[in-house]
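Data file: final01.txt. Format and content: compact mmCIF, C-alpha atoms and all ligand atoms.
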# COMPACT_ATOMS: atom_id res chain seq x y z
CA MET A 14 18.30 3.08 -12.96
CA LYS A 15 14.64 2.21 -12.70
CA ARG A 16 12.80 3.93 -9.83
CA VAL A 17 10.08 2.47 -7.62
CA PHE A 18 7.76 4.36 -5.28
CA SER A 19 5.05 3.11 -2.97
CA GLY A 20 3.41 4.20 0.24
CA MET A 21 1.19 2.95 3.03
CA GLN A 22 -0.96 4.83 5.50
CA PRO A 23 0.07 4.55 9.15
CA THR A 24 -3.49 3.92 10.28
CA GLY A 25 -5.27 0.98 11.88
CA ASN A 26 -3.65 -2.42 12.02
CA LEU A 27 -1.64 -3.39 8.99
CA HIS A 28 -3.09 -6.64 7.70
CA LEU A 29 -2.41 -9.54 5.38
CA GLY A 30 -4.00 -7.69 2.44
CA ASN A 31 -1.48 -4.85 2.85
CA TYR A 32 1.31 -7.40 3.06
CA ILE A 33 0.33 -9.53 0.07
CA GLY A 34 -0.95 -6.72 -2.16
CA ALA A 35 1.93 -4.32 -1.53
CA LEU A 36 4.68 -4.96 1.02
CA LYS A 37 5.64 -8.43 -0.21
CA GLN A 38 6.12 -7.02 -3.70
CA PHE A 39 8.49 -4.33 -2.38
CA ILE A 40 11.18 -6.78 -1.22
CA PRO A 41 12.48 -8.15 -4.57
CA LEU A 42 12.25 -4.70 -6.19
CA GLN A 43 15.04 -3.51 -3.88
CA GLU A 44 17.47 -5.64 -5.90
CA GLU A 45 16.64 -4.10 -9.25
CA ALA A 46 15.66 -0.46 -8.75
CA GLU A 47 16.17 2.60 -6.61
CA CYS A 48 13.24 2.31 -4.23
CA PHE A 49 11.37 4.88 -2.15
CA PHE A 50 8.94 3.47 0.40
CA CYS A 51 6.96 6.10 2.21
CA ILE A 52 4.89 6.31 5.38
CA VAL A 53 2.14 8.58 4.13
CA ASP A 54 1.21 10.43 7.31
CA LEU A 55 -0.22 13.43 5.39
CA HIS A 56 -2.72 11.12 3.70
CA ALA A 57 -3.70 9.80 7.12
CA LEU A 58 -4.83 13.33 8.12
CA THR A 59 -7.65 13.32 5.57
CA VAL A 60 -9.93 11.75 8.17
CA PRO A 61 -9.89 12.74 11.87
CA ARG A 62 -7.07 11.04 13.84
CA ASP A 63 -5.78 11.02 17.36
CA PRO A 64 -2.38 12.83 17.11
CA ASP A 65 -0.55 10.57 19.59
CA ASP A 66 -1.85 7.48 17.86
CA LEU A 67 -0.77 8.75 14.42
CA ARG A 68 2.76 9.48 15.71
CA LYS A 69 3.03 6.04 17.27
CA ARG A 70 1.71 4.20 14.23
CA SER A 71 4.01 6.08 11.85
CA LEU A 72 7.06 4.71 13.68
CA GLU A 73 5.47 1.27 13.97
CA LEU A 74 4.96 1.17 10.22
CA ALA A 75 8.66 1.86 9.76
CA GLY A 76 9.29 -1.14 12.06
CA ILE A 77 6.96 -3.28 9.93
CA TYR A 78 8.72 -2.21 6.72
CA LEU A 79 12.04 -3.25 8.22
CA GLY A 80 10.57 -6.39 9.80
CA ALA A 81 9.17 -7.52 6.46
CA GLY A 82 12.64 -7.34 4.93
CA LEU A 83 13.17 -3.86 3.56
CA ASP A 84 16.87 -3.11 3.81
CA PRO A 85 17.80 0.51 4.59
CA ASP A 86 21.05 0.03 2.69
CA LYS A 87 19.09 -0.77 -0.46
CA SER A 88 15.83 1.19 -0.10
CA ASN A 89 14.94 4.67 1.07
CA LEU A 90 12.33 4.59 3.83
CA PHE A 91 10.91 7.90 4.93
CA ILE A 92 7.96 9.74 6.41
CA GLN A 93 6.03 11.80 3.85
CA SER A 94 5.82 14.92 6.06
CA HIS A 95 9.62 14.89 6.45
CA ASN A 96 9.86 15.97 2.85
CA PRO A 97 7.87 19.21 2.36
CA ASP A 98 8.20 18.89 -1.43
CA HIS A 99 5.16 16.58 -1.31
CA SER A 100 2.89 19.32 0.04
CA GLU A 101 4.31 21.98 -2.23
CA GLY A 102 4.19 19.80 -5.35
CA ALA A 103 0.64 18.73 -4.51
CA TRP A 104 -0.53 22.35 -4.61
CA LEU A 105 0.93 22.77 -8.07
CA LEU A 106 -0.74 19.59 -9.30
CA GLN A 107 -4.06 20.60 -7.70
CA CYS A 108 -3.98 23.46 -10.15
CA VAL A 109 -3.79 20.92 -12.98
CA ALA A 110 -6.37 18.42 -11.65
CA ARG A 111 -10.07 18.91 -12.38
CA MET A 112 -12.92 18.76 -9.87
CA GLY A 113 -14.77 16.35 -12.16
CA GLU A 114 -12.05 13.71 -12.29
CA LEU A 115 -11.48 13.87 -8.52
CA GLY A 116 -15.21 13.51 -7.90
CA ARG A 117 -15.20 10.26 -9.89
CA MET A 118 -12.64 8.53 -7.66
CA THR A 119 -14.36 5.52 -6.11
CA GLN A 120 -12.34 5.73 -2.90
CA PHE A 121 -13.60 9.29 -2.35
CA LYS A 122 -17.16 8.24 -3.11
CA ASP A 123 -16.91 5.27 -0.71
CA LYS A 124 -15.26 7.15 2.15
CA GLY A 125 -17.03 10.46 1.62
CA LYS A 126 -20.48 8.93 1.08
CA GLY A 127 -21.69 12.22 -0.35
CA SER A 128 -21.40 13.98 3.00
CA GLU A 129 -20.76 17.75 3.06
CA SER A 130 -18.65 17.46 6.19
CA VAL A 131 -15.80 15.36 4.81
CA THR A 132 -12.49 17.21 4.64
CA ALA A 133 -11.28 18.96 1.51
CA GLY A 134 -8.13 16.85 1.97
CA LEU A 135 -10.11 13.67 1.34
CA PHE A 136 -11.19 15.12 -2.00
CA THR A 137 -7.68 16.14 -3.09
CA TYR A 138 -6.09 12.99 -1.62
CA PRO A 139 -5.34 11.41 -5.03
CA VAL A 140 -3.46 14.54 -6.15
CA LEU A 141 -1.12 14.23 -3.17
CA MET A 142 -0.68 10.56 -4.07
CA ALA A 143 0.12 11.48 -7.68
CA THR A 144 2.67 14.00 -6.41
CA ASP A 145 4.28 11.33 -4.20
CA ILE A 146 4.90 9.19 -7.25
CA LEU A 147 5.75 11.83 -9.84
CA LEU A 148 8.29 13.69 -7.69
CA TYR A 149 10.54 10.62 -7.87
CA GLN A 150 10.04 10.00 -11.59
CA ALA A 151 8.94 6.49 -10.58
CA ASP A 152 8.50 3.91 -13.32
CA THR A 153 6.88 1.25 -11.15
CA VAL A 154 4.40 1.54 -8.30
CA PRO A 155 3.66 -1.75 -6.50
CA VAL A 156 0.12 -1.59 -5.07
CA GLY A 157 -3.06 -3.55 -4.47
CA GLU A 158 -5.95 -3.36 -6.91
CA ASP A 159 -7.83 -0.70 -4.93
CA GLN A 160 -5.14 1.86 -5.89
CA THR A 161 -5.16 1.30 -9.65
CA GLN A 162 -7.72 4.05 -10.30
CA HIS A 163 -5.44 6.49 -8.46
CA LEU A 164 -2.56 5.36 -10.66
CA GLU A 165 -4.60 6.05 -13.79
CA LEU A 166 -5.31 9.55 -12.49
CA THR A 167 -1.59 9.98 -11.78
CA ARG A 168 -0.79 9.15 -15.41
CA ASP A 169 -3.53 11.50 -16.64
CA LEU A 170 -2.17 14.37 -14.55
CA ALA A 171 1.40 13.69 -15.66
CA GLU A 172 0.39 13.58 -19.30
CA ARG A 173 -1.62 16.78 -19.00
CA PHE A 174 1.24 18.57 -17.26
CA ASN A 175 3.78 17.34 -19.84
CA ARG A 176 1.50 18.50 -22.65
CA GLU A 177 0.38 21.85 -21.23
CA TYR A 178 3.65 22.97 -19.59
CA ASP A 179 6.78 20.93 -20.28
CA GLU A 180 7.98 17.32 -20.37
CA VAL A 181 8.71 17.08 -16.65
CA PHE A 182 7.27 13.71 -15.58
CA THR A 183 7.93 10.03 -16.24
CA LEU A 184 4.67 8.12 -16.69
CA PRO A 185 4.45 5.47 -13.97
CA HIS A 186 2.68 2.14 -14.12
CA ALA A 187 1.05 0.11 -11.37
CA GLN A 188 2.51 -3.28 -10.52
CA VAL A 189 -0.31 -5.49 -9.30
CA THR A 190 0.01 -9.22 -8.51
CA LYS A 191 -2.29 -11.84 -9.97
CA THR A 192 -3.59 -13.68 -6.91
CA GLY A 193 -2.75 -11.09 -4.26
CA ALA A 194 -4.15 -7.85 -5.65
CA ARG A 195 -7.38 -8.08 -3.69
CA ILE A 196 -7.34 -10.16 -0.53
CA MET A 197 -10.88 -10.49 0.75
CA GLY A 198 -12.20 -10.24 4.31
CA LEU A 199 -12.21 -13.59 6.12
CA ASP A 200 -15.61 -12.86 7.64
CA ASN A 201 -17.06 -11.64 4.35
CA PRO A 202 -15.23 -12.76 1.21
CA GLU A 203 -17.41 -10.52 -0.98
CA LYS A 204 -15.56 -7.45 0.36
CA LYS A 205 -11.84 -6.70 0.51
CA MET A 206 -9.93 -7.13 3.75
CA SER A 207 -9.84 -3.66 5.25
CA LYS A 208 -8.28 -1.79 8.17
CA SER A 209 -11.59 -0.14 8.86
CA ALA A 210 -13.69 -3.33 8.97
CA ASP A 211 -15.96 -3.61 12.00
CA SER A 212 -15.07 -7.17 12.99
CA THR A 213 -11.59 -8.35 14.03
CA PHE A 214 -12.44 -11.58 12.22
CA ASN A 215 -12.22 -9.65 8.94
CA GLN A 216 -8.45 -9.46 8.89
CA ILE A 217 -5.22 -11.12 9.95
CA GLY A 218 -3.09 -8.42 11.58
CA LEU A 219 0.60 -8.58 10.76
CA LEU A 220 1.30 -8.60 14.49
CA ASP A 221 -1.34 -11.23 15.40
CA ASP A 222 0.02 -14.13 17.45
CA PRO A 223 -0.22 -17.72 16.09
CA ASP A 224 -3.26 -18.69 18.21
CA THR A 225 -5.19 -15.68 16.96
CA VAL A 226 -4.26 -16.47 13.36
CA VAL A 227 -5.55 -20.05 13.72
CA LYS A 228 -8.74 -18.89 15.46
CA LYS A 229 -9.50 -16.38 12.70
CA PHE A 230 -8.89 -18.84 9.86
CA LYS A 231 -11.06 -21.46 11.59
CA ARG A 232 -13.92 -18.95 11.51
CA ALA A 233 -13.32 -17.90 7.89
CA VAL A 234 -16.55 -17.86 5.87
CA THR A 235 -16.58 -20.38 2.99
CA ASP A 236 -19.61 -22.13 1.41
CA SER A 237 -21.56 -25.35 1.89
CA GLU A 238 -20.37 -27.31 -1.15
CA ASN A 239 -17.24 -28.79 0.39
CA VAL A 240 -15.48 -28.78 -2.98
CA ILE A 241 -12.03 -27.24 -3.27
CA ALA A 242 -11.82 -25.18 -6.45
CA TYR A 243 -10.44 -21.76 -7.44
CA ASP A 244 -13.39 -19.72 -8.66
CA PRO A 245 -13.37 -16.22 -7.09
CA GLU A 246 -16.79 -15.33 -8.45
CA ASN A 247 -18.77 -18.35 -7.29
CA LYS A 248 -16.57 -19.55 -4.44
CA PRO A 249 -15.04 -16.36 -3.03
CA GLY A 250 -14.24 -17.72 0.44
CA VAL A 251 -12.41 -20.86 -0.68
CA SER A 252 -10.65 -18.97 -3.49
CA ASN A 253 -9.48 -16.34 -1.01
CA LEU A 254 -7.97 -19.05 1.20
CA LEU A 255 -6.26 -20.63 -1.80
CA GLY A 256 -4.91 -17.24 -2.92
CA ILE A 257 -3.53 -16.46 0.55
CA TYR A 258 -2.05 -19.95 0.90
CA SER A 259 -0.41 -19.71 -2.52
CA GLU A 260 1.05 -16.25 -1.83
CA MET A 261 2.39 -17.35 1.54
CA SER A 262 3.85 -20.71 0.49
CA GLY A 263 4.95 -19.95 -3.06
CA GLU A 264 2.95 -22.98 -4.33
CA PRO A 265 0.86 -22.22 -7.42
CA VAL A 266 -2.91 -22.20 -6.85
CA ASP A 267 -3.44 -25.05 -9.34
CA SER A 268 -1.18 -27.41 -7.49
CA LEU A 269 -2.86 -26.54 -4.17
CA VAL A 270 -6.26 -27.30 -5.70
CA GLU A 271 -4.97 -30.69 -6.83
CA GLN A 272 -3.36 -31.42 -3.46
CA TYR A 273 -6.57 -30.68 -1.55
CA GLN A 274 -8.98 -32.66 -3.71
CA GLY A 275 -11.28 -34.72 -1.50
CA LYS A 276 -10.11 -32.98 1.67
CA GLY A 277 -12.39 -30.83 3.81
CA TYR A 278 -12.33 -27.05 4.20
CA GLY A 279 -11.12 -27.49 7.80
CA HIS A 280 -7.89 -28.93 6.49
CA LEU A 281 -7.37 -26.10 4.02
CA LYS A 282 -8.06 -23.49 6.71
CA LEU A 283 -5.54 -24.92 9.17
CA ASP A 284 -2.82 -25.34 6.56
CA THR A 285 -3.39 -21.80 5.28
CA ALA A 286 -3.10 -20.53 8.86
CA GLU A 287 0.17 -22.43 9.26
CA ALA A 288 1.59 -20.98 6.04
CA VAL A 289 0.69 -17.47 7.26
CA ILE A 290 2.28 -18.09 10.68
CA GLN A 291 5.51 -19.22 9.00
CA VAL A 292 5.73 -15.84 7.24
CA LEU A 293 4.59 -13.69 10.17
CA LYS A 294 6.91 -15.26 12.74
CA PRO A 295 10.22 -13.93 11.35
CA LEU A 296 8.54 -10.62 10.42
CA GLN A 297 7.37 -10.15 14.02
CA GLU A 298 10.75 -11.15 15.46
CA ARG A 299 12.60 -8.64 13.30
CA TYR A 300 9.93 -6.01 14.03
CA ARG A 301 10.54 -6.36 17.78
CA GLU A 302 14.31 -6.27 17.36
CA VAL A 303 14.13 -3.13 15.24
CA MET A 304 11.70 -1.33 17.56
CA ASP A 305 13.96 -2.11 20.55
CA SER A 306 17.16 -1.12 18.76
CA GLY A 307 16.31 2.56 18.38
CA GLU A 308 17.54 2.53 14.78
CA VAL A 309 14.21 3.50 13.21
CA GLU A 310 14.68 7.27 13.50
CA SER A 311 18.11 7.25 11.87
CA VAL A 312 16.87 5.04 9.01
CA LEU A 313 14.04 7.50 8.41
CA ALA A 314 16.35 10.52 8.55
CA LYS A 315 18.66 9.00 5.95
CA GLY A 316 15.71 8.06 3.73
CA ALA A 317 14.24 11.55 3.89
CA GLN A 318 17.55 13.10 2.94
CA ARG A 319 17.88 11.01 -0.23
CA ALA A 320 14.19 11.57 -0.98
CA ARG A 321 14.68 15.34 -0.91
CA GLU A 322 17.68 15.18 -3.21
CA VAL A 323 15.55 13.52 -5.87
CA SER A 324 12.27 15.37 -5.34
CA ALA A 325 13.91 18.84 -5.24
CA GLU A 326 14.99 18.47 -8.84
CA THR A 327 11.50 17.55 -10.04
CA LEU A 328 9.84 20.27 -7.97
CA LYS A 329 12.20 22.87 -9.42
CA ASN A 330 11.31 21.73 -12.93
CA MET A 331 7.60 21.90 -12.11
CA GLN A 332 7.91 25.44 -10.71
CA GLU A 333 9.92 26.62 -13.67
CA ALA A 334 7.55 25.06 -16.21
CA MET A 335 4.57 26.74 -14.51
CA GLY A 336 6.14 30.20 -14.47
CA LEU A 337 7.20 30.67 -10.85
CA VAL A 338 10.21 32.93 -10.33
CA PRO A 339 13.21 30.89 -9.10
CA ARG A 340 14.27 31.51 -5.47
CA ARG A 341 17.77 32.89 -4.96
P1 LIG A 401 -3.30 1.83 2.09
O1 LIG A 401 -2.52 2.33 3.25
O2 LIG A 401 -4.78 1.78 2.19
O3 LIG A 401 -2.82 0.38 1.71
C1 LIG A 401 -1.44 0.07 1.53
C2 LIG A 401 -1.30 -0.91 0.38
O4 LIG A 401 -2.02 -2.12 0.65
C3 LIG A 401 -2.85 -2.44 -0.46
N1 LIG A 401 -4.07 -3.13 0.05
C4 LIG A 401 -4.47 -4.34 -0.36
N2 LIG A 401 -3.96 -5.21 -1.26
C5 LIG A 401 -4.61 -6.38 -1.45
N3 LIG A 401 -5.75 -6.72 -0.77
C6 LIG A 401 -6.30 -5.88 0.15
N4 LIG A 401 -7.41 -6.23 0.82
C7 LIG A 401 -5.66 -4.63 0.38
N5 LIG A 401 -5.92 -3.57 1.20
C8 LIG A 401 -4.93 -2.66 0.98
C9 LIG A 401 -3.18 -1.11 -1.09
O5 LIG A 401 -3.58 -1.26 -2.43
C10 LIG A 401 -1.86 -0.37 -0.95
O6 LIG A 401 -0.99 -0.72 -2.02
N6 LIG A 401 -3.37 5.65 -1.14
C11 LIG A 401 -2.55 4.58 -0.60
C12 LIG A 401 -1.25 5.08 -0.01
C13 LIG A 401 -0.39 5.90 -0.93
C14 LIG A 401 0.36 5.44 -2.01
C15 LIG A 401 1.04 6.60 -2.53
C16 LIG A 401 0.53 4.19 -2.62
C17 LIG A 401 -0.18 7.24 -0.81
N7 LIG A 401 0.68 7.66 -1.77
C18 LIG A 401 1.87 6.49 -3.63
C19 LIG A 401 1.38 4.11 -3.72
C20 LIG A 401 2.04 5.25 -4.21
C21 LIG A 401 -3.32 3.87 0.48
O7 LIG A 401 -4.18 4.42 1.10
O8 LIG A 401 -2.88 2.62 0.76

Please express what this file holds, its structure, as C-alpha cells.
Ligand code: TYM
Amino acid sequence: MKRVFSGMQPTGNLHLGNYIGALKQFIPLQEEAECFFCIVDLHALTVPRDPDDLRKRSLELAGIYLGAGLDPDKSNLFIQSHNPDHSEGAWLLQCVARMGELGRMTQFKDKGKGSESVTAGLFTYPVLMATDILLYQADTVPVGEDQTQHLELTRDLAERFNREYDEVFTLPHAQVTKTGARIMGLDNPEKKMSKSADSTFNQIGLLDDPDTVVKKFKRAVTDSENVIAYDPENKPGVSNLLGIYSEMSGEPVDSLVEQYQGKGYGHLKLDTAEAVIQVLKPLQERYREVMDSGEVESVLAKGAQRAREVSAETLKNMQEAMGLVPRR
C-alpha cells in the first residue's frame, strides 16, 4: 500500500496557508494510502520556545488535525518526540548530509540570517525532516511550495544512502497543489502568509471567528485597477483572493473570474470571506468537541505505536547498512 507522510510545526497560529497548502490535501489521501501525520515538536525546538506554550500547542494541533477531518481509524496521528527513532535516524543521516547542501537551504538562510547565534538544530533541521519521511518509506508528501527544496534534499540524501550503503529508502515525491501551494499574506500579497508575520492582518487563523475573518478580508491589499483577473505576477492580491476562494468553494478559478466580471473588489472580498467561514465553521466545531472529549491523548498514543512499528524496521536497516552492531 502506498504510504503518505507529512508534518506541521506546533508553533504560532495555524493559518489558512497551512490548511490549503497541506492539511486540506491530507484528507482525501486517507482513503488511498497508509498515512502518517506528525506534530513535529522536535522541529519547533530549533528556535527558542516557551515550554508550556509548546506543550499546549502540540495538543491543539492534534485537535486541529482531527477537526479538519483526519480520522484516527484511517490515519496515524502522532507527536514526533513520541517516536525516538526520528532523533536516532536523524543522527545517522547527519553523517550522510554535507555542510554545503545544508547551507544552501533557503529556509535556513531566511531564518538564520547569517547570525552566529542561531542553533545548530536550525542548520540540521532539514535532515530531521528527511528522516521523518524516509523512516516510513513514504511515496507521497503533501506540502506547500516552501517545503519543496527540503523534499529535494530528502531525495538526494536517500539516493546517496542507497548508493553508498544499501538500498534502504523509497524515494519520496512532494505533492503540491496548483492554486494552493503558496497562499500569500492578506496585508502583503508579495510575501507568503506566515505564522511569524508581524501583523494579524497577514493571516486568517484557523480558529478565527467569522467577524474577524470578514474584517481581515475587507482590509486585504489588492490594487487600484478594479479589474478581476487571475495574474499572480501583476495582480498578486486579487489572484490570492481568487485562489483562496477557489480552494474553499471548489469552483475553478476561471469560472470565478467570469462570474465576477464587472463587479468590484469589495464583492469578491466578502464572498471569499464567506467561503472561508463555511469551511472553518465545521472545523472549529469539531475542534472544540475533540478538545473537550479528552480523546486526543489516546489517538496520539495509538498513532505513535503504529509509527514505531514501521520506523523500527527502517532504522534497523539503516544501522545494519552503516555497520552498527545489532543490539541483543
Ligand atoms: P510548517 O509547520 O511551517 O507548515 C506546515 C505546512 O503548511 C505549508 N504552508 C503553506 N502552504 C501554502 N501557503 C502558505 N503560505 C503556507 N505556509 C505554510 C507548509 O508548506 C507545510 O506543508 N518543515 C515543515 C514541517 C515538517 C514536515 C516534515 C513536512 C517536518 N517534517 C516531513 C512534511 C514532511 C514545516 O515547517 O512546516

Exercise for the section: Could you pull out the residues sitting within 8 Å of ligand LIG 401 (chain A), using all atoms listed in the file, and write them as a ChimeraX atom specification? Expected result: /A:18-24,28-36,51,53,56,138-139,141-143,145-146,154-161,163-164,193-198,205-208

Problem - Contacts of A:Asp284 at 12 Å (only C-alpha atoms; same-chain gap of 6+ positions) as number ranges by chain - result: A: 226-227, 230-231, 254-255, 257-259, 261-262, 269, 272-273, 276-278, 290-291

Handout entry: Minimum-distance residue to A:Glu101, chosen among A:Leu328, A:Ala81, A:Met304, A:Met14 (using all atoms listed in the file)
Key =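 Comparing A:Leu328, A:Ala81, A:Met304, A:Met14 against A:Glu101, the winner is A:Leu328.
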
Practice task
Just the residues within 10 Å of A:Leu220, please, counting all atoms listed in the file, with nothing from its chain fewer than 6 positions along; format it as number ranges by chain.
Solution key: A: 26-29, 77, 226, 293-294, 296-298, 300

Handout entry: Atomic separation - atom CA of A:Gln107 relative to atom CA of A:Gly336, Å
Key = 15.6 Å

Find the residues near A:Phe174: any atom within 10 Å, counting only C-alpha atoms, skip ones fewer than 3 places away on the same chain, and give them as a compact mmCIF listing (two decimals) with C-alpha atoms, in the frame of the given file.
# COMPACT_ATOMS: atom_id res chain seq x y z
CA LEU A 106 -0.74 19.59 -9.30
CA VAL A 109 -3.79 20.92 -12.98
CA ALA A 110 -6.37 18.42 -11.65
CA ARG A 168 -0.79 9.15 -15.41
CA ASP A 169 -3.53 11.50 -16.64
CA LEU A 170 -2.17 14.37 -14.55
CA ALA A 171 1.40 13.69 -15.66
CA GLU A 177 0.38 21.85 -21.23
CA TYR A 178 3.65 22.97 -19.59
CA ASP A 179 6.78 20.93 -20.28
CA GLU A 180 7.98 17.32 -20.37
CA VAL A 181 8.71 17.08 -16.65
CA PHE A 182 7.27 13.71 -15.58
CA MET A 331 7.60 21.90 -12.11
CA ALA A 334 7.55 25.06 -16.21
CA MET A 335 4.57 26.74 -14.51

Practice task
Please write as a list in words the list of polymer residues whose atoms come within 8 Å of (8.5, 16.9, -3.8), counting all atoms listed in the file and keeping to the coordinates of the file.
Solution key: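 Neighbouring residues, ordered by chain and number, come to Asn96, Pro97, Asp98, His99, Ser100, Glu101, Gly102, Thr144, Asp145, Leu148, Tyr149, Arg321, Ser324, Ala325, Thr327 and Leu328 of chain A.
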
Completion exercise
Expressed in Å, the length from atom CA of A:Glu47 to atom CA of A:Glu326 is 16.1 Å

Practice task
Give me the residues within 6 Å of stretch 311-316 of chain A as a VMD selection string, counting all atoms listed in the file and dropping any in the same chain fewer than 4 places off.
Solution key: chain A and resid 89 to 91

Practice task
Rank A:Glu287, A:Glu45, A:Glu114, A:Asp152 by their smallest atom-to-atom distance to A:Ser88, using all atoms listed in the file, and report the top residue only.
Solution key: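 Residue with the minimum atom-to-atom distance to A:Ser88: A:Glu45.
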
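For the pair atom CA of A:Asp86 and atom CA of A:Ala46, the separation is 12.7 Å.
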
Problem - Residue among A:Leu55, A:Pro64, A:Arg176, A:Gly76 lying closest to A:Val303, counting only C-alpha atoms - result: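 Of all the options, A:Gly76 lies closest to A:Val303.
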
Problem - 8 Å contact set for stretch 67-71 of chain A, all atoms listed in the file, chain neighbours under 4 positions out, as a list in words - result: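 My reading of the contact set: Pro23, Thr24, Ile52, Asp54, Ala57, Arg62, Asp63, Ala75 and Ile92 of chain A.
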
Output for the residues just chosen: C-alpha atoms as a PDB file, in the frame of the given file:
ATOM      1  CA  PRO A  23       0.070   4.550   9.150  1.00  0.00           C
ATOM      2  CA  THR A  24      -3.490   3.920  10.280  1.00  0.00           C
ATOM      3  CA  ILE A  52       4.890   6.310   5.380  1.00  0.00           C
ATOM      4  CA  ASP A  54       1.210  10.430   7.310  1.00  0.00           C
ATOM      5  CA  ALA A  57      -3.700   9.800   7.120  1.00  0.00           C
ATOM      6  CA  ARG A  62      -7.070  11.040  13.840  1.00  0.00           C
ATOM      7  CA  ASP A  63      -5.780  11.020  17.360  1.00  0.00           C
ATOM      8  CA  ALA A  75       8.660   1.860   9.760  1.00  0.00           C
ATOM      9  CA  ILE A  92       7.960   9.740   6.410  1.00  0.00           C
TER      10      ILE A  92
END

Exercise for the section: Can you work out which one of A:Val292, A:Ala151, A:Leu79, A:Val131 has the shortest atom-to-atom distance to A:Asp222, counting all atoms listed in the file? Expected result: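 Once distances to A:Asp222 are computed over all atoms listed in the file, the minimum belongs to A:Val292.
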
Problem - A:Arg301, A:Lys191, A:Lys228, A:Lys248 ranked by distance to A:Glu260, top pick (using only C-alpha atoms) - result: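 Looking at the shortest contact to A:Glu260, the residue is A:Lys191.
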
Please write out, as lines of an AutoDock Vina configuration file, where the centre of an axis-aligned box around all listed atoms of stretch 327-339 of chain A lies and how long its edges are, in Å to one decimal, after adding 3 Å on each side.
center_x = 8.9
center_y = 25.2
center_z = -12.1
size_x = 14.6
size_y = 21.4
size_z = 14.2
